[in-house]
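A.B. asks: Dropping in my_file_28.txt, with compact mmCIF, N, CA and C atoms.
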```
# COMPACT_ATOMS: atom_id res chain seq x y z
N MET A 1 0.85 -1.17 0.00
CA MET A 1 0.00 0.00 0.00
C MET A 1 0.90 1.24 0.00
N PRO A 2 0.64 2.21 -0.86
CA PRO A 2 1.54 3.36 -0.99
C PRO A 2 1.56 4.31 0.20
N PHE A 3 0.49 4.40 0.95
CA PHE A 3 0.46 5.28 2.11
C PHE A 3 -0.56 4.74 3.12
N PRO A 4 -0.34 5.02 4.41
CA PRO A 4 -1.30 4.52 5.40
C PRO A 4 -2.62 5.29 5.30
N ILE A 5 -3.69 4.56 5.47
CA ILE A 5 -5.02 5.17 5.43
C ILE A 5 -5.53 5.30 6.86
N LYS A 6 -5.96 6.49 7.21
CA LYS A 6 -6.55 6.71 8.53
C LYS A 6 -8.00 7.14 8.31
N ILE A 7 -8.89 6.37 8.89
CA ILE A 7 -10.32 6.60 8.71
C ILE A 7 -10.94 6.81 10.08
N GLY A 8 -11.91 7.71 10.17
CA GLY A 8 -12.61 7.93 11.43
C GLY A 8 -14.10 7.94 11.20
N GLY A 9 -14.85 7.68 12.25
CA GLY A 9 -16.30 7.69 12.15
C GLY A 9 -16.92 7.19 13.44
N SER A 10 -18.23 7.24 13.49
CA SER A 10 -18.96 6.78 14.67
C SER A 10 -19.89 5.65 14.29
N VAL A 11 -19.75 4.56 15.00
CA VAL A 11 -20.59 3.39 14.77
C VAL A 11 -21.80 3.48 15.70
N ASP A 12 -22.97 3.08 15.21
CA ASP A 12 -24.17 3.13 16.03
C ASP A 12 -24.15 2.09 17.15
N ARG A 13 -23.67 0.87 16.86
CA ARG A 13 -23.71 -0.18 17.87
C ARG A 13 -22.67 -1.26 17.56
N ILE A 14 -22.03 -1.74 18.61
CA ILE A 14 -21.14 -2.91 18.51
C ILE A 14 -21.60 -3.87 19.59
N GLU A 15 -21.83 -5.12 19.20
CA GLU A 15 -22.27 -6.12 20.15
C GLU A 15 -21.59 -7.45 19.84
N GLU A 16 -21.63 -8.33 20.82
CA GLU A 16 -21.15 -9.68 20.58
C GLU A 16 -22.35 -10.62 20.67
N ARG A 17 -22.50 -11.45 19.64
CA ARG A 17 -23.61 -12.39 19.60
C ARG A 17 -23.08 -13.74 19.11
N ASN A 18 -23.24 -14.76 19.95
CA ASN A 18 -22.77 -16.11 19.63
C ASN A 18 -21.29 -16.12 19.24
N GLY A 19 -20.47 -15.34 19.96
CA GLY A 19 -19.04 -15.32 19.72
C GLY A 19 -18.60 -14.51 18.52
N ILE A 20 -19.54 -13.84 17.87
CA ILE A 20 -19.23 -13.00 16.70
C ILE A 20 -19.46 -11.54 17.06
N ILE A 21 -18.49 -10.70 16.74
CA ILE A 21 -18.64 -9.26 16.95
C ILE A 21 -19.46 -8.70 15.80
N ARG A 22 -20.52 -8.00 16.13
CA ARG A 22 -21.37 -7.36 15.13
C ARG A 22 -21.21 -5.85 15.21
N ILE A 23 -20.91 -5.27 14.09
CA ILE A 23 -20.86 -3.81 13.97
C ILE A 23 -22.12 -3.43 13.21
N ILE A 24 -22.97 -2.62 13.86
CA ILE A 24 -24.29 -2.32 13.31
C ILE A 24 -24.45 -0.83 13.04
N ASP A 25 -24.94 -0.54 11.85
CA ASP A 25 -25.31 0.83 11.50
C ASP A 25 -26.82 0.84 11.30
N TYR A 26 -27.51 1.75 11.98
CA TYR A 26 -28.95 1.87 11.83
C TYR A 26 -29.25 2.86 10.71
N LYS A 27 -30.21 2.53 9.87
CA LYS A 27 -30.64 3.41 8.78
C LYS A 27 -32.13 3.67 8.90
N THR A 28 -32.52 4.93 8.72
CA THR A 28 -33.94 5.26 8.77
C THR A 28 -34.63 4.93 7.45
N GLY A 29 -33.87 4.90 6.36
CA GLY A 29 -34.44 4.55 5.06
C GLY A 29 -34.48 3.05 4.86
N LYS A 30 -35.00 2.63 3.71
CA LYS A 30 -35.13 1.21 3.42
C LYS A 30 -33.81 0.67 2.85
N VAL A 31 -33.33 -0.38 3.48
CA VAL A 31 -32.14 -1.08 3.02
C VAL A 31 -32.52 -2.55 2.88
N GLU A 32 -32.07 -3.15 1.81
CA GLU A 32 -32.35 -4.56 1.56
C GLU A 32 -31.05 -5.34 1.43
N LYS A 33 -31.14 -6.65 1.43
CA LYS A 33 -29.97 -7.52 1.37
C LYS A 33 -29.08 -7.18 0.17
N ALA A 34 -29.67 -6.85 -0.95
CA ALA A 34 -28.91 -6.52 -2.16
C ALA A 34 -28.00 -5.31 -1.94
N ASN A 35 -28.39 -4.40 -1.04
CA ASN A 35 -27.60 -3.20 -0.77
C ASN A 35 -26.31 -3.49 -0.01
N VAL A 36 -26.21 -4.67 0.58
CA VAL A 36 -25.01 -5.03 1.35
C VAL A 36 -24.33 -6.28 0.79
N THR A 37 -24.71 -6.65 -0.45
CA THR A 37 -24.12 -7.81 -1.12
C THR A 37 -23.17 -7.34 -2.20
N LEU A 38 -21.96 -7.90 -2.18
CA LEU A 38 -20.94 -7.56 -3.17
C LEU A 38 -20.55 -8.81 -3.92
N LYS A 39 -20.50 -8.70 -5.26
CA LYS A 39 -20.15 -9.86 -6.08
C LYS A 39 -18.76 -9.73 -6.69
N SER A 40 -18.24 -8.51 -6.74
CA SER A 40 -16.91 -8.29 -7.31
C SER A 40 -16.30 -7.05 -6.69
N TRP A 41 -15.00 -7.11 -6.44
CA TRP A 41 -14.31 -5.94 -5.88
C TRP A 41 -14.10 -4.88 -6.94
N ASN A 42 -14.02 -5.28 -8.20
CA ASN A 42 -13.80 -4.32 -9.28
C ASN A 42 -14.98 -3.35 -9.34
N GLY A 43 -14.68 -2.08 -9.27
CA GLY A 43 -15.73 -1.07 -9.37
C GLY A 43 -16.47 -0.78 -8.09
N LEU A 44 -15.97 -1.30 -6.96
CA LEU A 44 -16.65 -1.07 -5.68
C LEU A 44 -16.94 0.41 -5.46
N THR A 45 -15.93 1.25 -5.66
CA THR A 45 -16.08 2.67 -5.36
C THR A 45 -16.65 3.47 -6.53
N GLU A 46 -16.85 2.82 -7.67
CA GLU A 46 -17.38 3.52 -8.84
C GLU A 46 -18.90 3.51 -8.91
N ASP A 47 -19.51 2.58 -8.21
CA ASP A 47 -20.97 2.44 -8.25
C ASP A 47 -21.57 3.05 -6.99
N ILE A 48 -22.35 4.08 -7.14
CA ILE A 48 -22.95 4.79 -6.01
C ILE A 48 -23.82 3.86 -5.16
N LYS A 49 -24.32 2.77 -5.76
CA LYS A 49 -25.16 1.83 -5.02
C LYS A 49 -24.37 1.07 -3.94
N ASN A 50 -23.05 1.15 -3.99
CA ASN A 50 -22.21 0.46 -3.01
C ASN A 50 -21.88 1.33 -1.79
N ASP A 51 -22.54 2.47 -1.65
CA ASP A 51 -22.21 3.39 -0.56
C ASP A 51 -22.34 2.75 0.82
N LYS A 52 -23.34 1.92 1.01
CA LYS A 52 -23.53 1.29 2.32
C LYS A 52 -22.45 0.26 2.60
N ILE A 53 -22.03 -0.47 1.57
CA ILE A 53 -20.94 -1.44 1.71
C ILE A 53 -19.66 -0.72 2.09
N ILE A 54 -19.37 0.37 1.41
CA ILE A 54 -18.15 1.15 1.69
C ILE A 54 -18.16 1.62 3.14
N GLN A 55 -19.31 2.09 3.62
CA GLN A 55 -19.42 2.60 4.98
C GLN A 55 -19.24 1.51 6.03
N ILE A 56 -19.94 0.39 5.88
CA ILE A 56 -19.84 -0.63 6.93
C ILE A 56 -18.49 -1.33 6.92
N LEU A 57 -17.86 -1.45 5.76
CA LEU A 57 -16.51 -2.02 5.73
C LEU A 57 -15.50 -1.04 6.35
N ALA A 58 -15.76 0.26 6.22
CA ALA A 58 -14.90 1.24 6.90
C ALA A 58 -14.99 1.04 8.41
N TYR A 59 -16.17 0.80 8.93
CA TYR A 59 -16.32 0.55 10.36
C TYR A 59 -15.56 -0.72 10.77
N ALA A 60 -15.67 -1.77 9.96
CA ALA A 60 -14.96 -3.01 10.27
C ALA A 60 -13.45 -2.76 10.26
N TYR A 61 -12.98 -2.00 9.31
CA TYR A 61 -11.55 -1.68 9.22
C TYR A 61 -11.10 -0.89 10.46
N MET A 62 -11.91 0.08 10.87
CA MET A 62 -11.55 0.92 12.02
C MET A 62 -11.48 0.11 13.31
N PHE A 63 -12.37 -0.85 13.47
CA PHE A 63 -12.46 -1.57 14.74
C PHE A 63 -11.76 -2.91 14.76
N GLU A 64 -11.21 -3.32 13.63
CA GLU A 64 -10.57 -4.63 13.57
C GLU A 64 -9.46 -4.77 14.62
N LYS A 65 -8.64 -3.76 14.78
CA LYS A 65 -7.53 -3.82 15.73
C LYS A 65 -8.00 -3.77 17.18
N GLU A 66 -9.17 -3.18 17.42
CA GLU A 66 -9.73 -3.06 18.76
C GLU A 66 -10.33 -4.37 19.27
N ILE A 67 -10.74 -5.19 18.32
CA ILE A 67 -11.45 -6.42 18.66
C ILE A 67 -10.45 -7.56 18.68
N SER A 68 -10.50 -8.34 19.76
CA SER A 68 -9.61 -9.50 19.82
C SER A 68 -9.95 -10.47 18.69
N ASP A 69 -9.28 -11.54 18.63
CA ASP A 69 -9.38 -12.46 17.50
C ASP A 69 -10.73 -13.14 17.35
N LYS A 70 -11.78 -12.37 17.40
CA LYS A 70 -13.13 -12.92 17.20
C LYS A 70 -13.59 -12.57 15.79
N PRO A 71 -14.46 -13.41 15.22
CA PRO A 71 -14.98 -13.09 13.90
C PRO A 71 -15.80 -11.79 13.93
N ILE A 72 -15.76 -11.07 12.82
CA ILE A 72 -16.46 -9.78 12.71
C ILE A 72 -17.49 -9.85 11.58
N GLU A 73 -18.67 -9.33 11.88
CA GLU A 73 -19.67 -9.06 10.86
C GLU A 73 -20.01 -7.58 10.97
N ALA A 74 -20.28 -6.95 9.85
CA ALA A 74 -20.72 -5.55 9.85
C ALA A 74 -21.94 -5.47 8.96
N GLY A 75 -22.94 -4.74 9.42
CA GLY A 75 -24.16 -4.66 8.62
C GLY A 75 -25.08 -3.57 9.08
N ILE A 76 -26.28 -3.66 8.59
CA ILE A 76 -27.27 -2.60 8.76
C ILE A 76 -28.57 -3.17 9.31
N ILE A 77 -29.20 -2.39 10.18
CA ILE A 77 -30.59 -2.63 10.56
C ILE A 77 -31.38 -1.43 10.01
N SER A 78 -32.31 -1.74 9.13
CA SER A 78 -33.10 -0.72 8.45
C SER A 78 -34.45 -0.57 9.13
N PHE A 79 -34.76 0.65 9.59
CA PHE A 79 -36.04 0.87 10.27
C PHE A 79 -37.24 0.71 9.34
N LYS A 80 -37.03 0.87 8.03
CA LYS A 80 -38.14 0.68 7.09
C LYS A 80 -38.17 -0.75 6.55
N ASN A 81 -37.29 -1.60 7.08
CA ASN A 81 -37.27 -3.00 6.67
C ASN A 81 -36.89 -3.85 7.89
N LEU A 82 -37.54 -3.58 9.03
CA LEU A 82 -37.21 -4.27 10.28
C LEU A 82 -37.43 -5.78 10.20
N LYS A 83 -38.36 -6.21 9.37
CA LYS A 83 -38.65 -7.65 9.28
C LYS A 83 -37.43 -8.44 8.80
N SER A 84 -36.50 -7.78 8.10
CA SER A 84 -35.29 -8.45 7.63
C SER A 84 -34.23 -8.55 8.71
N GLY A 85 -34.41 -7.82 9.79
CA GLY A 85 -33.45 -7.89 10.88
C GLY A 85 -32.08 -7.34 10.49
N PHE A 86 -31.04 -7.93 11.05
CA PHE A 86 -29.66 -7.52 10.78
C PHE A 86 -29.26 -7.99 9.38
N LEU A 87 -28.85 -7.05 8.54
CA LEU A 87 -28.43 -7.35 7.17
C LEU A 87 -26.90 -7.25 7.11
N PRO A 88 -26.20 -8.37 7.22
CA PRO A 88 -24.74 -8.29 7.23
C PRO A 88 -24.17 -8.10 5.84
N PHE A 89 -23.02 -7.38 5.77
CA PHE A 89 -22.26 -7.35 4.52
C PHE A 89 -22.00 -8.80 4.13
N ASN A 90 -22.16 -9.09 2.85
CA ASN A 90 -21.80 -10.42 2.39
C ASN A 90 -21.15 -10.34 1.02
N PHE A 91 -20.14 -11.17 0.87
CA PHE A 91 -19.42 -11.27 -0.39
C PHE A 91 -19.83 -12.58 -1.04
N LYS A 92 -20.41 -12.47 -2.22
CA LYS A 92 -20.95 -13.64 -2.91
C LYS A 92 -20.01 -14.00 -4.06
N GLU A 93 -19.36 -15.15 -3.92
CA GLU A 93 -18.44 -15.61 -4.94
C GLU A 93 -18.91 -16.97 -5.42
N ASP A 94 -19.24 -17.04 -6.71
CA ASP A 94 -19.85 -18.24 -7.27
C ASP A 94 -21.11 -18.55 -6.45
N LYS A 95 -21.15 -19.71 -5.80
CA LYS A 95 -22.34 -20.04 -5.00
C LYS A 95 -22.08 -19.90 -3.52
N GLU A 96 -20.86 -19.49 -3.14
CA GLU A 96 -20.53 -19.32 -1.73
C GLU A 96 -20.81 -17.89 -1.29
N VAL A 97 -21.28 -17.76 -0.06
CA VAL A 97 -21.55 -16.45 0.52
C VAL A 97 -20.75 -16.33 1.81
N PHE A 98 -19.97 -15.25 1.91
CA PHE A 98 -19.13 -15.00 3.08
C PHE A 98 -19.67 -13.78 3.81
N THR A 99 -19.98 -13.93 5.10
CA THR A 99 -20.44 -12.78 5.89
C THR A 99 -19.41 -12.35 6.92
N THR A 100 -18.45 -13.22 7.22
CA THR A 100 -17.40 -12.85 8.18
C THR A 100 -16.37 -12.00 7.45
N ILE A 101 -16.02 -10.89 8.08
CA ILE A 101 -15.05 -9.97 7.48
C ILE A 101 -13.67 -10.35 8.00
N ASP A 102 -12.86 -10.88 7.09
CA ASP A 102 -11.52 -11.32 7.46
C ASP A 102 -10.47 -10.41 6.84
N SER A 103 -9.20 -10.75 7.02
CA SER A 103 -8.11 -9.90 6.53
C SER A 103 -8.11 -9.82 5.00
N GLU A 104 -8.54 -10.87 4.32
CA GLU A 104 -8.58 -10.83 2.85
C GLU A 104 -9.64 -9.83 2.36
N ILE A 105 -10.79 -9.85 2.99
CA ILE A 105 -11.85 -8.90 2.62
C ILE A 105 -11.38 -7.47 2.89
N LEU A 106 -10.78 -7.24 4.05
CA LEU A 106 -10.30 -5.89 4.38
C LEU A 106 -9.18 -5.46 3.45
N SER A 107 -8.33 -6.37 3.04
CA SER A 107 -7.26 -6.05 2.11
C SER A 107 -7.83 -5.63 0.75
N ASN A 108 -8.81 -6.39 0.25
CA ASN A 108 -9.47 -6.03 -1.01
C ASN A 108 -10.18 -4.69 -0.90
N TYR A 109 -10.81 -4.45 0.23
CA TYR A 109 -11.51 -3.18 0.48
C TYR A 109 -10.51 -2.02 0.45
N LEU A 110 -9.40 -2.18 1.17
CA LEU A 110 -8.40 -1.11 1.22
C LEU A 110 -7.79 -0.84 -0.15
N GLU A 111 -7.60 -1.87 -0.93
CA GLU A 111 -7.08 -1.69 -2.28
C GLU A 111 -8.02 -0.79 -3.09
N GLN A 112 -9.32 -1.04 -3.00
CA GLN A 112 -10.30 -0.23 -3.70
C GLN A 112 -10.35 1.20 -3.15
N LEU A 113 -10.21 1.32 -1.84
CA LEU A 113 -10.22 2.64 -1.21
C LEU A 113 -9.02 3.47 -1.63
N VAL A 114 -7.85 2.83 -1.73
CA VAL A 114 -6.64 3.52 -2.18
C VAL A 114 -6.83 4.02 -3.62
N LEU A 115 -7.43 3.20 -4.47
CA LEU A 115 -7.69 3.64 -5.85
C LEU A 115 -8.59 4.87 -5.86
N LEU A 116 -9.63 4.85 -5.03
CA LEU A 116 -10.55 5.98 -4.96
C LEU A 116 -9.83 7.23 -4.45
N LEU A 117 -9.08 7.10 -3.37
CA LEU A 117 -8.38 8.26 -2.81
C LEU A 117 -7.31 8.80 -3.76
N THR A 118 -6.65 7.91 -4.47
CA THR A 118 -5.66 8.33 -5.45
C THR A 118 -6.32 9.16 -6.54
N GLU A 119 -7.50 8.72 -6.97
CA GLU A 119 -8.24 9.48 -7.98
C GLU A 119 -8.70 10.83 -7.43
N ILE A 120 -9.22 10.83 -6.20
CA ILE A 120 -9.69 12.08 -5.59
C ILE A 120 -8.55 13.09 -5.46
N LEU A 121 -7.37 12.61 -5.10
CA LEU A 121 -6.23 13.50 -4.88
C LEU A 121 -5.48 13.88 -6.16
N ASP A 122 -5.86 13.28 -7.29
CA ASP A 122 -5.22 13.59 -8.57
C ASP A 122 -5.87 14.85 -9.15
N SER A 123 -5.13 15.94 -9.13
CA SER A 123 -5.69 17.23 -9.58
C SER A 123 -5.97 17.27 -11.08
N SER A 124 -5.46 16.30 -11.83
CA SER A 124 -5.70 16.29 -13.27
C SER A 124 -7.04 15.64 -13.63
N ILE A 125 -7.69 15.03 -12.63
CA ILE A 125 -8.99 14.39 -12.88
C ILE A 125 -10.09 15.27 -12.31
N ASP A 126 -11.03 15.67 -13.19
CA ASP A 126 -12.15 16.50 -12.74
C ASP A 126 -13.14 15.69 -11.92
N PHE A 127 -13.78 16.35 -10.96
CA PHE A 127 -14.85 15.71 -10.21
C PHE A 127 -16.09 15.63 -11.07
N VAL A 128 -16.74 14.48 -11.05
CA VAL A 128 -17.98 14.27 -11.79
C VAL A 128 -18.99 13.71 -10.82
N GLU A 129 -20.15 14.35 -10.73
CA GLU A 129 -21.20 13.87 -9.83
C GLU A 129 -21.79 12.59 -10.37
N LYS A 130 -21.88 11.58 -9.50
CA LYS A 130 -22.46 10.30 -9.90
C LYS A 130 -23.83 10.17 -9.27
N ASN A 131 -24.83 9.83 -10.07
CA ASN A 131 -26.19 9.67 -9.55
C ASN A 131 -26.54 8.22 -9.46
```
Could you write out this structure as structure tokens?

C.D. replies:
Amino acid sequence: MPFPIKIGGSVDRIEERNGIIRIIDYKTGKVEKANVTLKSWNGLTEDIKNDKIIQILAYAYMFEKEISDKPIEAGIISFKNLKSGFLPFNFKEDKEVFTTIDSEILSNYLEQLVLLLTEILDSSIDFVEKN
């Protein structure tokens, strides 16, 4: 990694359930499972629909060092979709689904974040609003 990344933020809730650390962000709007499902790391930061994934993985990255060697899940509880309960980030590869955030997931996330920050800091690239 070309430079250390320092990220800050406030998490709504951290709890331990069945030996797994859960990092929870509450949303007042409607969030569904598709909003926290990632199928490819390519383009993570280019698609505005991935904003919730970027946010909850940032929380996992921030708290990974604080949490002892317990598995981590990060996700959302949506007040307009309470029947779905806790919606964890999940990485879907082929037919396998991974909800535990491990060092490989965080490494892939950081790689994408570095690409985004490099682009943001490149004065030769104009800002373009993405809808």

A.B. asks: When you draw a straight line from atom CA of Met62 of chain A to atom CA of Gly9 of chain A, how long is it in Å?

C.D. replies: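 Separation between atom CA of Met62 of chain A and atom CA of Gly9 of chain A: 8.3 Å.
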
A.B. asks: What does the distance from atom CA of Tyr59 of chain A to atom CA of Gly85 of chain A come to in Å, to one decimal?

C.D. replies: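 We find that atom CA of Tyr59 of chain A and atom CA of Gly85 of chain A lie 19.1 Å from each other.
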
A.B. asks: Could you name the residues that touch Phe91 of chain A at 7 Å or less, counting all atoms listed in the file, but leaving out those on the same chain fewer than 3 positions away, as a ChimeraX atom specification?

C.D. replies: /A:36-39,96-100

A.B. asks: Looking at A:Glu46, A:Ala34, A:Lys70, A:Ile56, which one is nearest to Ile20 of chain A, with distances taken over all atoms listed in the file?

C.D. replies: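 Once distances to Ile20 of chain A are computed over all atoms listed in the file, the minimum belongs to A:Lys70.
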
A.B. asks: Going by DSSP on the backbone, which bits of chain A are strand (DSSP E or B)? Write them as a PDB file with N, CA and C atoms, in the coordinates of the input, please.

C.D. replies:
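Resulting contents of states.pdb:
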```
ATOM      1  N   ARG A  13     -23.670   0.870  16.860  1.00  0.00           N
ATOM      2  CA  ARG A  13     -23.710  -0.180  17.870  1.00  0.00           C
ATOM      3  C   ARG A  13     -22.670  -1.260  17.560  1.00  0.00           C
ATOM      4  N   ILE A  14     -22.030  -1.740  18.610  1.00  0.00           N
ATOM      5  CA  ILE A  14     -21.140  -2.910  18.510  1.00  0.00           C
ATOM      6  C   ILE A  14     -21.600  -3.870  19.590  1.00  0.00           C
ATOM      7  N   GLU A  15     -21.830  -5.120  19.200  1.00  0.00           N
ATOM      8  CA  GLU A  15     -22.270  -6.120  20.150  1.00  0.00           C
ATOM      9  C   GLU A  15     -21.590  -7.450  19.840  1.00  0.00           C
ATOM     10  N   GLU A  16     -21.630  -8.330  20.820  1.00  0.00           N
ATOM     11  CA  GLU A  16     -21.150  -9.680  20.580  1.00  0.00           C
ATOM     12  C   GLU A  16     -22.350 -10.620  20.670  1.00  0.00           C
ATOM     13  N   ARG A  17     -22.500 -11.450  19.640  1.00  0.00           N
ATOM     14  CA  ARG A  17     -23.610 -12.390  19.600  1.00  0.00           C
ATOM     15  C   ARG A  17     -23.080 -13.740  19.110  1.00  0.00           C
ATOM     16  N   ILE A  20     -19.540 -13.840  17.870  1.00  0.00           N
ATOM     17  CA  ILE A  20     -19.230 -13.000  16.700  1.00  0.00           C
ATOM     18  C   ILE A  20     -19.460 -11.540  17.060  1.00  0.00           C
ATOM     19  N   ILE A  21     -18.490 -10.700  16.740  1.00  0.00           N
ATOM     20  CA  ILE A  21     -18.640  -9.260  16.950  1.00  0.00           C
ATOM     21  C   ILE A  21     -19.460  -8.700  15.800  1.00  0.00           C
ATOM     22  N   ARG A  22     -20.520  -8.000  16.130  1.00  0.00           N
ATOM     23  CA  ARG A  22     -21.370  -7.360  15.130  1.00  0.00           C
ATOM     24  C   ARG A  22     -21.210  -5.850  15.210  1.00  0.00           C
ATOM     25  N   ILE A  23     -20.910  -5.270  14.090  1.00  0.00           N
ATOM     26  CA  ILE A  23     -20.860  -3.810  13.970  1.00  0.00           C
ATOM     27  C   ILE A  23     -22.120  -3.430  13.210  1.00  0.00           C
ATOM     28  N   ILE A  24     -22.970  -2.620  13.860  1.00  0.00           N
ATOM     29  CA  ILE A  24     -24.290  -2.320  13.310  1.00  0.00           C
ATOM     30  C   ILE A  24     -24.450  -0.830  13.040  1.00  0.00           C
ATOM     31  N   ASP A  25     -24.940  -0.540  11.850  1.00  0.00           N
ATOM     32  CA  ASP A  25     -25.310   0.830  11.500  1.00  0.00           C
ATOM     33  C   ASP A  25     -26.820   0.840  11.300  1.00  0.00           C
ATOM     34  N   TYR A  26     -27.510   1.750  11.980  1.00  0.00           N
ATOM     35  CA  TYR A  26     -28.950   1.870  11.830  1.00  0.00           C
ATOM     36  C   TYR A  26     -29.250   2.860  10.710  1.00  0.00           C
ATOM     37  N   LYS A  27     -30.210   2.530   9.870  1.00  0.00           N
ATOM     38  CA  LYS A  27     -30.640   3.410   8.780  1.00  0.00           C
ATOM     39  C   LYS A  27     -32.130   3.670   8.900  1.00  0.00           C
ATOM     40  N   THR A  37     -24.710  -6.650  -0.450  1.00  0.00           N
ATOM     41  CA  THR A  37     -24.120  -7.810  -1.120  1.00  0.00           C
ATOM     42  C   THR A  37     -23.170  -7.340  -2.200  1.00  0.00           C
ATOM     43  N   LEU A  38     -21.960  -7.900  -2.180  1.00  0.00           N
ATOM     44  CA  LEU A  38     -20.940  -7.560  -3.170  1.00  0.00           C
ATOM     45  C   LEU A  38     -20.550  -8.810  -3.920  1.00  0.00           C
ATOM     46  N   ILE A  72     -15.760 -11.070  12.820  1.00  0.00           N
ATOM     47  CA  ILE A  72     -16.460  -9.780  12.710  1.00  0.00           C
ATOM     48  C   ILE A  72     -17.490  -9.850  11.580  1.00  0.00           C
ATOM     49  N   GLU A  73     -18.670  -9.330  11.880  1.00  0.00           N
ATOM     50  CA  GLU A  73     -19.670  -9.060  10.860  1.00  0.00           C
ATOM     51  C   GLU A  73     -20.010  -7.580  10.970  1.00  0.00           C
ATOM     52  N   ALA A  74     -20.280  -6.950   9.850  1.00  0.00           N
ATOM     53  CA  ALA A  74     -20.720  -5.550   9.850  1.00  0.00           C
ATOM     54  C   ALA A  74     -21.940  -5.470   8.960  1.00  0.00           C
ATOM     55  N   GLY A  75     -22.940  -4.740   9.420  1.00  0.00           N
ATOM     56  CA  GLY A  75     -24.160  -4.660   8.620  1.00  0.00           C
ATOM     57  C   GLY A  75     -25.080  -3.570   9.080  1.00  0.00           C
ATOM     58  N   ILE A  76     -26.280  -3.660   8.590  1.00  0.00           N
ATOM     59  CA  ILE A  76     -27.270  -2.600   8.760  1.00  0.00           C
ATOM     60  C   ILE A  76     -28.570  -3.170   9.310  1.00  0.00           C
ATOM     61  N   ILE A  77     -29.200  -2.390  10.180  1.00  0.00           N
ATOM     62  CA  ILE A  77     -30.590  -2.630  10.560  1.00  0.00           C
ATOM     63  C   ILE A  77     -31.380  -1.430  10.010  1.00  0.00           C
ATOM     64  N   SER A  78     -32.310  -1.740   9.130  1.00  0.00           N
ATOM     65  CA  SER A  78     -33.100  -0.720   8.450  1.00  0.00           C
ATOM     66  C   SER A  78     -34.450  -0.570   9.130  1.00  0.00           C
ATOM     67  N   PHE A  86     -31.040  -7.930  11.050  1.00  0.00           N
ATOM     68  CA  PHE A  86     -29.660  -7.520  10.780  1.00  0.00           C
ATOM     69  C   PHE A  86     -29.260  -7.990   9.380  1.00  0.00           C
ATOM     70  N   LEU A  87     -28.850  -7.050   8.540  1.00  0.00           N
ATOM     71  CA  LEU A  87     -28.430  -7.350   7.170  1.00  0.00           C
ATOM     72  C   LEU A  87     -26.900  -7.250   7.110  1.00  0.00           C
ATOM     73  N   PRO A  88     -26.200  -8.370   7.220  1.00  0.00           N
ATOM     74  CA  PRO A  88     -24.740  -8.290   7.230  1.00  0.00           C
ATOM     75  C   PRO A  88     -24.170  -8.100   5.840  1.00  0.00           C
ATOM     76  N   ASN A  90     -22.160  -9.090   2.850  1.00  0.00           N
ATOM     77  CA  ASN A  90     -21.800 -10.420   2.390  1.00  0.00           C
ATOM     78  C   ASN A  90     -21.150 -10.340   1.020  1.00  0.00           C
ATOM     79  N   PHE A  91     -20.140 -11.170   0.870  1.00  0.00           N
ATOM     80  CA  PHE A  91     -19.420 -11.270  -0.390  1.00  0.00           C
ATOM     81  C   PHE A  91     -19.830 -12.580  -1.040  1.00  0.00           C
ATOM     82  N   LYS A  92     -20.410 -12.470  -2.220  1.00  0.00           N
ATOM     83  CA  LYS A  92     -20.950 -13.640  -2.910  1.00  0.00           C
ATOM     84  C   LYS A  92     -20.010 -14.000  -4.060  1.00  0.00           C
ATOM     85  N   GLU A  93     -19.360 -15.150  -3.920  1.00  0.00           N
ATOM     86  CA  GLU A  93     -18.440 -15.610  -4.940  1.00  0.00           C
ATOM     87  C   GLU A  93     -18.910 -16.970  -5.420  1.00  0.00           C
ATOM     88  N   GLU A  96     -20.860 -19.490  -3.140  1.00  0.00           N
ATOM     89  CA  GLU A  96     -20.530 -19.320  -1.730  1.00  0.00           C
ATOM     90  C   GLU A  96     -20.810 -17.890  -1.290  1.00  0.00           C
ATOM     91  N   VAL A  97     -21.280 -17.760  -0.060  1.00  0.00           N
ATOM     92  CA  VAL A  97     -21.550 -16.450   0.520  1.00  0.00           C
ATOM     93  C   VAL A  97     -20.750 -16.330   1.810  1.00  0.00           C
ATOM     94  N   PHE A  98     -19.970 -15.250   1.910  1.00  0.00           N
ATOM     95  CA  PHE A  98     -19.130 -15.000   3.080  1.00  0.00           C
ATOM     96  C   PHE A  98     -19.670 -13.780   3.810  1.00  0.00           C
TER      97      PHE A  98
END
```

A.B. asks: Using only N, CA and C atoms, determine which residues lie at most 8 Å from Leu87 of chain A, disregarding the query and same-chain residues fewer than 4 positions distant; provide the list as a PyMOL selection string.

C.D. replies: chain A and resi 31-33+36-37+73-78

A.B. asks: Can you work out the spacing between atom C of Ser10 of chain A and atom C of Ala58 of chain A in Å, to one decimal?

C.D. replies: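 Atom C of Ala58 of chain A lies 8.9 Å from atom C of Ser10 of chain A.
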
A.B. asks: Given the choices A:Ile67, A:Ser124, A:Arg22, A:Tyr61, which gets closest to Ser107 of chain A if the distance is worked out from only C-alpha atoms?

C.D. replies: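 Smallest separation from Ser107 of chain A among the options: A:Tyr61.
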
A.B. asks: So which residues touch Ile24 of chain A within 5 Å, counting all atoms listed in the file, skipping near sequence neighbours fewer than 5 positions away, as a CSV table (one decimal) with N, CA and C atoms, keeping the file's coordinate frame?

C.D. replies:
```
chain,number,residue,atom,x,y,z
A,12,ASP,N,-23.0,3.1,15.2
A,12,ASP,CA,-24.2,3.1,16.0
A,12,ASP,C,-24.2,2.1,17.2
A,13,ARG,N,-23.7,0.9,16.9
A,13,ARG,CA,-23.7,-0.2,17.9
A,13,ARG,C,-22.7,-1.3,17.6
A,14,ILE,N,-22.0,-1.7,18.6
A,14,ILE,CA,-21.1,-2.9,18.5
A,14,ILE,C,-21.6,-3.9,19.6
A,75,GLY,N,-22.9,-4.7,9.4
A,75,GLY,CA,-24.2,-4.7,8.6
A,75,GLY,C,-25.1,-3.6,9.1
```

A.B. asks: Would you list the contacts of Lys80 of chain A as a list in words, taking every protein, DNA or RNA residue within 6.5 Å and counting only N, CA and C atoms, but skipping same-chain residues closer than 3 positions in sequence?

C.D. replies: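 What passes the distance filter is Lys27, Thr28, Gly29, Lys30, Val31, Ile77 and Lys83 of chain A.
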